[in-house]
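Heads up, the thing below is written out as C-alpha cells.
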Amino acid sequence: MDETKTINKINELLEEHNVWRKKECLNLIASENVTSPEADRLSVSDLSHRYAEGKPFHRHYQGLGFVDEIEALTQDLMKNLFRAKKVDLRVLSGTLANAAVFKGITNRGDNIISSSIPNGGHVSHTQHGICDVVGLTDYAFPFDYDEMNIDVDKTIKLIEEKNPKILLFGASLFLFPHPVEELADTAKSHDAYVMYDAAHVLGLIAGGRFQDPLKEGADVMSSSTHKTFFGPQGGIIFGGDSLGDEEWKNIENAIFPYFVCNHHLHRLPVLAQAAYELSQYGSDYADQTIKNAKTLAEELHTFGFDCLAEHKGFTQSHQVVLNVEKNGGGKTVAELLEKNNIILNKNFLPGEKITKENMNNPAGIRIGVQEMTRCKMKADEMKHIAELIKKAVVDKKDVKAEVVEFRKNYTEVGFC
Ligand code: DSN
C-alpha cells in the first residue's frame with residue numbers, strides 16, 4: 001500500500017463529497033440537516049482531544065473546568081428551549097438515548113408498546129434493535145390507516161392486555177402528531193411510563209409548531225440532535241416534570257457506564273449554537289419547513305404521484321411520503337433520483353407487510369424538506385423540486401444538469 005497516495009485519495013474523495021452534497025444535490029433525506037457557519041467554526045477545537053467521564057463538576061479526570069461550564073450552560077440552553085427541568089447531553093445518538101432510557105426505567109422481561117417499523121417506528125423501538133439488548137418485548141401500537149395515526153381505543157385495550165412498562169411515541173416516518181395527551185392517563189394508571197422519541201421533530205417542537213410532548217404528559221423524551229433540530233450528530237434525553245428523581249438518576253447511571261464513556265465534547269458548543277439559533281429563529285424555520293412539506297406534497301399529488309394522507313392535508317411535519325409501487329418501488333425510484341442528484345430514501349409504508357421479496361424494495365419513498373428549507377428554499381422552490389422529480393421518475397428524463405444549476409442558488413444556510 002502507498003500510504004501517501006491513499007491519504008491523498010481520501011482528501012480528494014472528501015472534497016468531491018463536500019462539493020457534491022453541499023452544492024450540487026437536492027438533499028431530501030428526512031433525518032439530515034446542515035449546521036450553520038458559526039456552528040461549524042465551533043466544532044473544531046481542543047474539546048475533540050479530551051475525556052470527560054461523569055457529569056459536569058463531578059468528573060473522573062482532571063483538566064475539565066472550562067468543559068464543565070460549557071456543558072452546564074448548554075444544558076441550560078436546552079432546558080430553556082424545551083421548558084424541561086432535566087436534561088442529559090451525553091448520549092451520542094438517538095438510539096443510545098433510547099437504550100439508556102430503557103435500561104434506566106425497565107427490567108428484563110418487561111413489555112413496551114411502540115410503533116412497528118412499517119408504521120413508522122425506529123428499529124431501536126423494536127426487538128430488531130435495542131429492545132432485544134435490554135430484554136423488552138415489543139408490541140406494536142394498533143394503527144388507524146385512514147387517520148395515518150395510532151388508534152387510541154385499540155391502544156387502550158392493548159395497554160390493559162399487555163401492561164407495558166413504556167408507551168413509546170414518536171417515529172421515523174412521522175406525518176402527524178401522535179395521541180400522547182389522549183393516552184397518557186391510561187398509560188400512567190397502568191404504571192407505564194410515557195416516552196416520546198422526538199428525533200425527527202425536535203426542531204419543529206423547538207419552534208412551537210409540533211406537539212409539545214413534555215406538556216402533553218410524556219415522562220421522558222429521547223432524541224437525536226441533527227434532523228429538524230439542526231445541531232451536531234448526537235443524542236439527548238429530557239426528563240419531564242412527572243418523572244421522579246430516582247428514575248432520572250437511573251437513566252443517568254445507565255448512560256455512563258453502560259452506553260457512553262466519553263461523550264465527544266466537541267459536540268457541545270455546536271449543540272449550544274443550534275439551540276441559540278432555534279431560540280431566535282425556530283418558529284420561522286418550523287413554519288417554513290411545514291409549509292414547504294405541504295406545498296411539495298400538493299404539487300407531487302397534482303403531478304399524479306400517490307402521496308399519502310391526501311384527505312388529511314398530506315402532512316403536519318417536515319416529511320412527505322409517496323407510494324411509488326407503480327413507478328417500480330422505493331429502491332428503484334430512490335436510485336433513479338440519486339442518479340439525478342436528488343437524494344432521498346426508500347421506505348416501508350404504513351400497513352405494508354415486510355417480506356423477503358420487498359425487503360430491499362419497499363413500496364414507498366420518504367422525503368424530508370428540512371435541509372433545503374434551511375438553505376432558504378420556499379414554496380416556489382418546492383414546486384420546482386416536484387417538477388424535477390416528475391420529469392425524472394415519470395418522463396424518464398435526465399435532470400441532473402438542471403438540478404445542479406438550480407441548487408447553485410441555494411448554498412447559503414439560513415435561520416442563523
Ligand atoms: N435512520 C434514521 C432515519 O432516517 O429516520 C433515524 O435514525
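Convention: chains lettered A, B, ... in C-alpha cells order; per-chain residue numbering from 1; ligands numbered from 1 as shown.
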I'd like the contact shell of stretch 327-331 of chain A - 10 Å cut-off, only C-alpha atoms, skipping same-chain residues fewer than 3 positions apart - returned as a PDB file with C-alpha atoms, in the first residue's frame.
ATOM      1  CA  PHE A 305     -47.997  10.787  -7.547  1.00  0.00           C
ATOM      2  CA  LEU A 322     -45.164   8.637  -1.558  1.00  0.00           C
ATOM      3  CA  ASN A 323     -46.330   5.197  -2.604  1.00  0.00           C
ATOM      4  CA  VAL A 324     -44.232   4.578  -5.709  1.00  0.00           C
ATOM      5  CA  ALA A 334     -34.596   6.328  -4.925  1.00  0.00           C
ATOM      6  CA  GLU A 335     -31.737   5.032  -7.101  1.00  0.00           C
ATOM      7  CA  LEU A 336     -33.089   6.701 -10.217  1.00  0.00           C
ATOM      8  CA  LEU A 337     -33.362  10.005  -8.369  1.00  0.00           C
ATOM      9  CA  LEU A 344     -33.920  10.622  -0.594  1.00  0.00           C
ATOM     10  CA  ASN A 345     -34.611   7.163   0.792  1.00  0.00           C
ATOM     11  CA  LYS A 346     -36.818   4.153   0.149  1.00  0.00           C
ATOM     12  CA  ASN A 347     -39.257   3.388   2.959  1.00  0.00           C
ATOM     13  CA  PHE A 348     -41.839   0.859   4.036  1.00  0.00           C
ATOM     14  CA  LEU A 349     -45.312   2.343   4.094  1.00  0.00           C
ATOM     15  CA  ASN A 358     -39.998  -6.482  -0.747  1.00  0.00           C
ATOM     16  CA  MET A 359     -37.317  -6.234   1.969  1.00  0.00           C
ATOM     17  CA  ASN A 360     -34.986  -4.350  -0.350  1.00  0.00           C
ATOM     18  CA  ASN A 361     -37.601  -2.634  -2.489  1.00  0.00           C
ATOM     19  CA  PRO A 362     -40.469  -1.430  -0.295  1.00  0.00           C
ATOM     20  CA  ALA A 363     -43.408   0.446  -1.804  1.00  0.00           C
ATOM     21  CA  GLY A 364     -42.537   3.921  -0.601  1.00  0.00           C
ATOM     22  CA  ILE A 365     -40.140   6.799  -0.555  1.00  0.00           C
ATOM     23  CA  ARG A 366     -39.811   9.297   2.291  1.00  0.00           C
ATOM     24  CA  VAL A 393     -39.475   9.440 -12.485  1.00  0.00           C
ATOM     25  CA  VAL A 394     -42.455   9.722 -14.858  1.00  0.00           C
TER      26      VAL A 394
END
task = List the neighbours of A:Leu296 out to 7 Å using only C-alpha atoms; skip same-chain residues closer than 3 positions along the sequence, and give me the result as an MDAnalysis selection string.
result = chainID A and resid 292:293 299:300 382:383 386
Just to be explicit: take each residue in the selection above, keep C-alpha atoms, and write the result as an mmCIF file, in the first residue's frame.
data_model
loop_
_atom_site.group_PDB
_atom_site.id
_atom_site.type_symbol
_atom_site.label_atom_id
_atom_site.label_comp_id
_atom_site.auth_asym_id
_atom_site.auth_seq_id
_atom_site.Cartn_x
_atom_site.Cartn_y
_atom_site.Cartn_z
ATOM 1 C CA ASN A 292 -42.727 23.601 2.277
ATOM 2 C CA ALA A 293 -43.626 19.974 3.015
ATOM 3 C CA GLU A 299 -47.571 19.574 -6.168
ATOM 4 C CA LEU A 300 -46.459 15.932 -6.340
ATOM 5 C CA MET A 382 -40.759 23.136 -3.659
ATOM 6 C CA LYS A 383 -42.865 23.335 -6.828
ATOM 7 C CA ALA A 386 -41.793 18.371 -7.574
#
query = Using only C-alpha atoms and all ligand atoms, which protein or nucleic acid residues are at most 10 Å from ligand 1, as a PyMOL selection string?
reply = chain A and resi 29-32+93-95+120-124+171-174+199-200+223-224+226-227+344-347+366+368
File dump, residues just selected, C-alpha atoms, as an mmCIF file, in the first residue's frame:
data_model
loop_
_atom_site.group_PDB
_atom_site.id
_atom_site.type_symbol
_atom_site.label_atom_id
_atom_site.label_comp_id
_atom_site.auth_asym_id
_atom_site.auth_seq_id
_atom_site.Cartn_x
_atom_site.Cartn_y
_atom_site.Cartn_z
ATOM 1 C CA ILE A 29 -33.258 12.642 3.463
ATOM 2 C CA ALA A 30 -35.701 13.319 6.322
ATOM 3 C CA SER A 31 -33.128 12.617 9.060
ATOM 4 C CA GLU A 32 -30.392 15.017 7.954
ATOM 5 C CA SER A 93 -27.154 9.190 19.204
ATOM 6 C CA GLY A 94 -30.913 8.805 19.362
ATOM 7 C CA THR A 95 -30.521 5.041 19.517
ATOM 8 C CA GLY A 120 -43.037 4.482 11.298
ATOM 9 C CA GLY A 121 -41.217 3.001 14.295
ATOM 10 C CA HIS A 122 -37.442 3.267 14.503
ATOM 11 C CA VAL A 123 -35.538 -0.002 14.626
ATOM 12 C CA SER A 124 -34.377 0.802 18.192
ATOM 13 C CA ALA A 171 -41.444 7.736 14.832
ATOM 14 C CA SER A 172 -39.126 7.873 11.844
ATOM 15 C CA LEU A 173 -41.937 8.043 9.324
ATOM 16 C CA PHE A 174 -43.883 10.764 11.056
ATOM 17 C CA ALA A 199 -35.649 12.623 16.875
ATOM 18 C CA HIS A 200 -37.434 13.639 13.684
ATOM 19 C CA SER A 223 -33.935 12.414 20.661
ATOM 20 C CA SER A 224 -31.115 12.870 18.245
ATOM 21 C CA HIS A 226 -29.386 16.637 13.905
ATOM 22 C CA LYS A 227 -32.640 16.286 11.982
ATOM 23 C CA LEU A 344 -33.920 10.622 -0.594
ATOM 24 C CA ASN A 345 -34.611 7.163 0.792
ATOM 25 C CA LYS A 346 -36.818 4.153 0.149
ATOM 26 C CA ASN A 347 -39.257 3.388 2.959
ATOM 27 C CA ARG A 366 -39.811 9.297 2.291
ATOM 28 C CA GLY A 368 -37.816 15.491 4.111
#
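Between atom CA of A:Pro142 and atom CA of A:Ile290 the separation is 26.4 Å.
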Residues of stretch 168-414 of chain A in strand (DSSP E), written as a ChimeraX atom specification = /A:168-169,193-197,220-224,235-239,306-307,319-323,342-343,345-347,364-368
Dump as a JSON list (two decimals), in the first residue's frame, selection limited to N, CA and C atoms:
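Output file out-v4.json follows:
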[["chain", "number", "residue", "atom", "x", "y", "z"],
["A", 168, "LEU", "N", -44.21, 4.07, 24.00],
["A", 168, "LEU", "CA", -43.21, 4.88, 23.30],
["A", 168, "LEU", "C", -43.79, 5.52, 22.04],
["A", 169, "PHE", "N", -43.99, 6.83, 22.11],
["A", 169, "PHE", "CA", -44.49, 7.59, 20.95],
["A", 169, "PHE", "C", -43.30, 8.12, 20.15],
["A", 193, "TYR", "N", -44.60, 4.13, 31.87],
["A", 193, "TYR", "CA", -44.02, 5.45, 31.60],
["A", 193, "TYR", "C", -44.40, 5.86, 30.19],
["A", 194, "VAL", "N", -44.65, 7.16, 30.03],
["A", 194, "VAL", "CA", -44.90, 7.68, 28.69],
["A", 194, "VAL", "C", -43.58, 8.27, 28.17],
["A", 195, "MET", "N", -43.13, 7.71, 27.06],
["A", 195, "MET", "CA", -41.84, 8.12, 26.48],
["A", 195, "MET", "C", -42.11, 8.63, 25.06],
["A", 196, "TYR", "N", -41.31, 9.56, 24.61],
["A", 196, "TYR", "CA", -41.50, 10.15, 23.27],
["A", 196, "TYR", "C", -40.14, 10.26, 22.60],
["A", 197, "ASP", "N", -39.98, 9.63, 21.46],
["A", 197, "ASP", "CA", -38.75, 9.76, 20.69],
["A", 197, "ASP", "C", -38.96, 10.90, 19.70],
["A", 220, "VAL", "N", -40.61, 11.22, 29.74],
["A", 220, "VAL", "CA", -39.24, 11.30, 29.26],
["A", 220, "VAL", "C", -39.24, 11.45, 27.74],
["A", 221, "MET", "N", -38.30, 12.26, 27.24],
["A", 221, "MET", "CA", -38.22, 12.49, 25.79],
["A", 221, "MET", "C", -36.78, 12.22, 25.35],
["A", 222, "SER", "N", -36.63, 11.29, 24.43],
["A", 222, "SER", "CA", -35.30, 10.99, 23.87],
["A", 222, "SER", "C", -35.24, 11.62, 22.49],
["A", 223, "SER", "N", -34.02, 11.85, 22.01],
["A", 223, "SER", "CA", -33.93, 12.41, 20.66],
["A", 223, "SER", "C", -32.51, 12.33, 20.13],
["A", 224, "SER", "N", -32.40, 12.50, 18.82],
["A", 224, "SER", "CA", -31.12, 12.87, 18.25],
["A", 224, "SER", "C", -31.15, 14.39, 18.08],
["A", 235, "GLY", "N", -27.07, 12.69, 20.52],
["A", 235, "GLY", "CA", -28.36, 12.39, 21.16],
["A", 235, "GLY", "C", -28.58, 13.24, 22.39],
["A", 236, "ILE", "N", -29.78, 13.12, 22.96],
["A", 236, "ILE", "CA", -30.15, 13.91, 24.14],
["A", 236, "ILE", "C", -31.32, 13.22, 24.84],
["A", 237, "ILE", "N", -31.42, 13.41, 26.14],
["A", 237, "ILE", "CA", -32.58, 12.90, 26.89],
["A", 237, "ILE", "C", -33.11, 14.03, 27.79],
["A", 238, "PHE", "N", -34.42, 14.22, 27.77],
["A", 238, "PHE", "CA", -35.07, 15.19, 28.66],
["A", 238, "PHE", "C", -35.94, 14.44, 29.65],
["A", 239, "GLY", "N", -35.98, 14.91, 30.90],
["A", 239, "GLY", "CA", -36.91, 14.36, 31.88],
["A", 239, "GLY", "C", -38.06, 15.34, 32.07],
["A", 306, "ASP", "N", -48.84, 9.19, -5.95],
["A", 306, "ASP", "CA", -49.71, 8.70, -4.89],
["A", 306, "ASP", "C", -49.11, 9.13, -3.55],
["A", 307, "CYS", "N", -49.52, 10.34, -3.12],
["A", 307, "CYS", "CA", -48.96, 10.95, -1.92],
["A", 307, "CYS", "C", -49.86, 10.60, -0.73],
["A", 319, "GLN", "N", -42.04, 15.93, 6.66],
["A", 319, "GLN", "CA", -41.99, 14.76, 5.77],
["A", 319, "GLN", "C", -43.15, 14.72, 4.78],
["A", 320, "VAL", "N", -42.85, 14.11, 3.63],
["A", 320, "VAL", "CA", -43.84, 13.79, 2.62],
["A", 320, "VAL", "C", -43.57, 12.33, 2.25],
["A", 321, "VAL", "N", -44.64, 11.53, 2.16],
["A", 321, "VAL", "CA", -44.43, 10.11, 1.86],
["A", 321, "VAL", "C", -45.21, 9.72, 0.62],
["A", 322, "LEU", "N", -44.53, 9.06, -0.31],
["A", 322, "LEU", "CA", -45.16, 8.64, -1.56],
["A", 322, "LEU", "C", -45.18, 7.12, -1.68],
["A", 323, "ASN", "N", -46.30, 6.59, -2.19],
["A", 323, "ASN", "CA", -46.33, 5.20, -2.60],
["A", 323, "ASN", "C", -45.91, 5.17, -4.07],
["A", 342, "ILE", "N", -30.87, 13.89, -6.81],
["A", 342, "ILE", "CA", -31.97, 14.12, -5.86],
["A", 342, "ILE", "C", -31.89, 12.98, -4.85],
["A", 343, "ILE", "N", -31.53, 13.34, -3.60],
["A", 343, "ILE", "CA", -31.16, 12.33, -2.61],
["A", 343, "ILE", "C", -32.30, 12.14, -1.60],
["A", 345, "ASN", "N", -34.73, 8.59, 0.51],
["A", 345, "ASN", "CA", -34.61, 7.16, 0.79],
["A", 345, "ASN", "C", -35.91, 6.38, 0.58],
["A", 346, "LYS", "N", -35.69, 5.09, 0.26],
["A", 346, "LYS", "CA", -36.82, 4.15, 0.15],
["A", 346, "LYS", "C", -37.38, 3.91, 1.55],
["A", 347, "ASN", "N", -38.64, 3.57, 1.64],
["A", 347, "ASN", "CA", -39.26, 3.39, 2.96],
["A", 347, "ASN", "C", -40.44, 2.44, 2.88],
["A", 364, "GLY", "N", -42.52, 2.47, -0.76],
["A", 364, "GLY", "CA", -42.54, 3.92, -0.60],
["A", 364, "GLY", "C", -41.20, 4.62, -0.70],
["A", 365, "ILE", "N", -41.30, 5.95, -0.80],
["A", 365, "ILE", "CA", -40.14, 6.80, -0.56],
["A", 365, "ILE", "C", -40.56, 7.86, 0.46],
["A", 366, "ARG", "N", -39.58, 8.27, 1.28],
["A", 366, "ARG", "CA", -39.81, 9.30, 2.29],
["A", 366, "ARG", "C", -39.00, 10.53, 1.89],
["A", 367, "ILE", "N", -39.63, 11.68, 1.92],
["A", 367, "ILE", "CA", -38.95, 12.93, 1.53],
["A", 367, "ILE", "C", -38.99, 13.88, 2.72],
["A", 368, "GLY", "N", -37.85, 14.48, 3.04],
["A", 368, "GLY", "CA", -37.82, 15.49, 4.11],
["A", 368, "GLY", "C", -37.35, 16.82, 3.53]]
message = For the structure I just gave you, how does DSSP split stretch 249-333 of chain A - specifically, which residues are helix (DSSP H, G or I)? Reply as an MDAnalysis selection string.
response = chainID A and resid 249:259 267:302 310:312 325:327 330:333
message = For a quick check of understanding, using only C-alpha atoms, which of A:Lys339, A:Pro118, A:Ala379, A:Lys390 has the smallest distance to A:Tyr145?
response =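 Of all the options, A:Pro118 lies closest to A:Tyr145.
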key: Spatial neighbours of stretch 37-39 of chain A, max dist 8 Å, only C-alpha atoms, sep filter under 4 positions, as a PyMOL selection string   = chain A and resi 43+231+269-271+273-274+413
Those residues with C-alpha atoms, as a tab-separated table (two decimals), in the first residue's frame please?
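Ended up saving to again18.tsv:
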chain	number	residue	atom	x	y	z
A	43	SER	CA	-16.97	22.32	16.02
A	231	GLY	CA	-27.32	20.61	15.60
A	269	PRO	CA	-20.63	24.15	21.64
A	270	VAL	CA	-22.25	23.15	18.33
A	271	LEU	CA	-25.35	21.97	20.18
A	273	GLN	CA	-25.14	27.26	18.94
A	274	ALA	CA	-28.02	25.30	17.34
A	413	VAL	CA	-27.53	28.35	5.33
task = Mind giving me the straight-line distance from atom CA of A:Glu247 to atom CA of A:Ile70 in Å, one decimal?
result = 25.6 Å
Residue with smallest distance to A:Thr137 - pool A:Lys162, A:Arg83, A:His318, A:Lys396, counting only C-alpha atoms =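 Once distances to A:Thr137 are computed over only C-alpha atoms, the minimum belongs to A:Lys162.
Across the structure, atom CA of A:Arg108 and atom CA of A:Val134 are spaced 6.1 Å apart.
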Quick one: residues within 7 Å of A:Ile112, only C-alpha atoms, excluding same-chain residues fewer than 6 positions away - as a PDB file with N, CA and C atoms, in the first residue's frame?
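Printed below is result_14.pdb as written:
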ATOM      1  N   LEU A 136     -36.605  -6.297  26.403  1.00  0.00           N
ATOM      2  CA  LEU A 136     -38.012  -5.867  26.361  1.00  0.00           C
ATOM      3  C   LEU A 136     -38.737  -6.590  25.232  1.00  0.00           C
ATOM      4  N   THR A 137     -39.993  -6.942  25.469  1.00  0.00           N
ATOM      5  CA  THR A 137     -40.819  -7.482  24.385  1.00  0.00           C
ATOM      6  C   THR A 137     -41.674  -6.356  23.846  1.00  0.00           C
ATOM      7  N   ASP A 138     -41.578  -6.123  22.529  1.00  0.00           N
ATOM      8  CA  ASP A 138     -42.326  -5.001  21.960  1.00  0.00           C
ATOM      9  C   ASP A 138     -43.632  -5.462  21.325  1.00  0.00           C
ATOM     10  N   TYR A 139     -44.668  -4.662  21.575  1.00  0.00           N
ATOM     11  CA  TYR A 139     -45.974  -4.858  20.929  1.00  0.00           C
ATOM     12  C   TYR A 139     -46.262  -3.591  20.152  1.00  0.00           C
ATOM     13  N   PRO A 164     -47.736  -2.719  29.621  1.00  0.00           N
ATOM     14  CA  PRO A 164     -46.372  -2.338  29.246  1.00  0.00           C
ATOM     15  C   PRO A 164     -45.717  -1.465  30.310  1.00  0.00           C
ATOM     16  N   LYS A 165     -44.403  -1.465  30.331  1.00  0.00           N
ATOM     17  CA  LYS A 165     -43.675  -0.569  31.242  1.00  0.00           C
ATOM     18  C   LYS A 165     -43.465   0.781  30.570  1.00  0.00           C
ATOM     19  N   ILE A 166     -43.429   0.752  29.222  1.00  0.00           N
ATOM     20  CA  ILE A 166     -43.267   2.008  28.471  1.00  0.00           C
ATOM     21  C   ILE A 166     -44.263   2.056  27.313  1.00  0.00           C
ATOM     22  N   LEU A 167     -44.857   3.222  27.123  1.00  0.00           N
ATOM     23  CA  LEU A 167     -45.616   3.517  25.912  1.00  0.00           C
ATOM     24  C   LEU A 167     -44.733   4.496  25.144  1.00  0.00           C
TER      25      LEU A 167
END
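Distance annotation: of A:Lys376, A:His266, A:Lys85, A:His311, the residue with the minimal separation from A:Arg50 is A:His266; atom set is only C-alpha atoms.
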task = Excluding A:Lys79 and any residue of its chain fewer than 6 positions from it, enumerate the residues within 12 Å of it, using only C-alpha atoms, and give them as a PyMOL selection string.
result = chain A and resi 72-73+85-89+206+214+236-241+272+275-276+279
Writing out the chosen residues with C-alpha atoms as a CSV table (one decimal), in the first residue's frame:
chain,number,residue,atom,x,y,z
A,72,ALA,CA,-23.7,23.1,32.1
A,73,LEU,CA,-24.5,26.2,30.0
A,85,LYS,CA,-36.1,20.7,34.2
A,86,LYS,CA,-33.9,17.7,33.5
A,87,VAL,CA,-31.6,17.1,30.5
A,88,ASP,CA,-28.6,14.9,29.7
A,89,LEU,CA,-26.5,15.7,26.7
A,206,ALA,CA,-38.4,23.9,19.5
A,214,LEU,CA,-43.5,17.0,27.8
A,236,ILE,CA,-30.1,13.9,24.1
A,237,ILE,CA,-32.6,12.9,26.9
A,238,PHE,CA,-35.1,15.2,28.7
A,239,GLY,CA,-36.9,14.4,31.9
A,240,GLY,CA,-40.5,15.7,32.2
A,241,ASP,CA,-41.9,17.1,35.5
A,272,ALA,CA,-25.4,25.2,22.1
A,275,ALA,CA,-30.1,25.8,20.5
A,276,TYR,CA,-29.4,29.5,20.3
A,279,SER,CA,-34.4,30.1,20.2
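Closest to A:Asp245 among A:Ile105, A:Ile354, A:Ile130, A:Ala99 is A:Ile105, based on only C-alpha atoms.
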task = Give me the residues within 12 Å of A:Ala254 as an NGL selection string, counting only C-alpha atoms and dropping any in the same chain fewer than 3 places off.
result = :A and (54 or 88 or 90-91 or 96-106 or 134 or 237 or 247-251 or 257-261)
request  = Find the residues around A:Glu412 up to 12 Å (only C-alpha atoms counted), leave out those fewer than 5 positions away in its own chain, and share them as a VMD selection string.
outcome  = chain A and resid 22 to 23 34 to 37 371 to 377 407
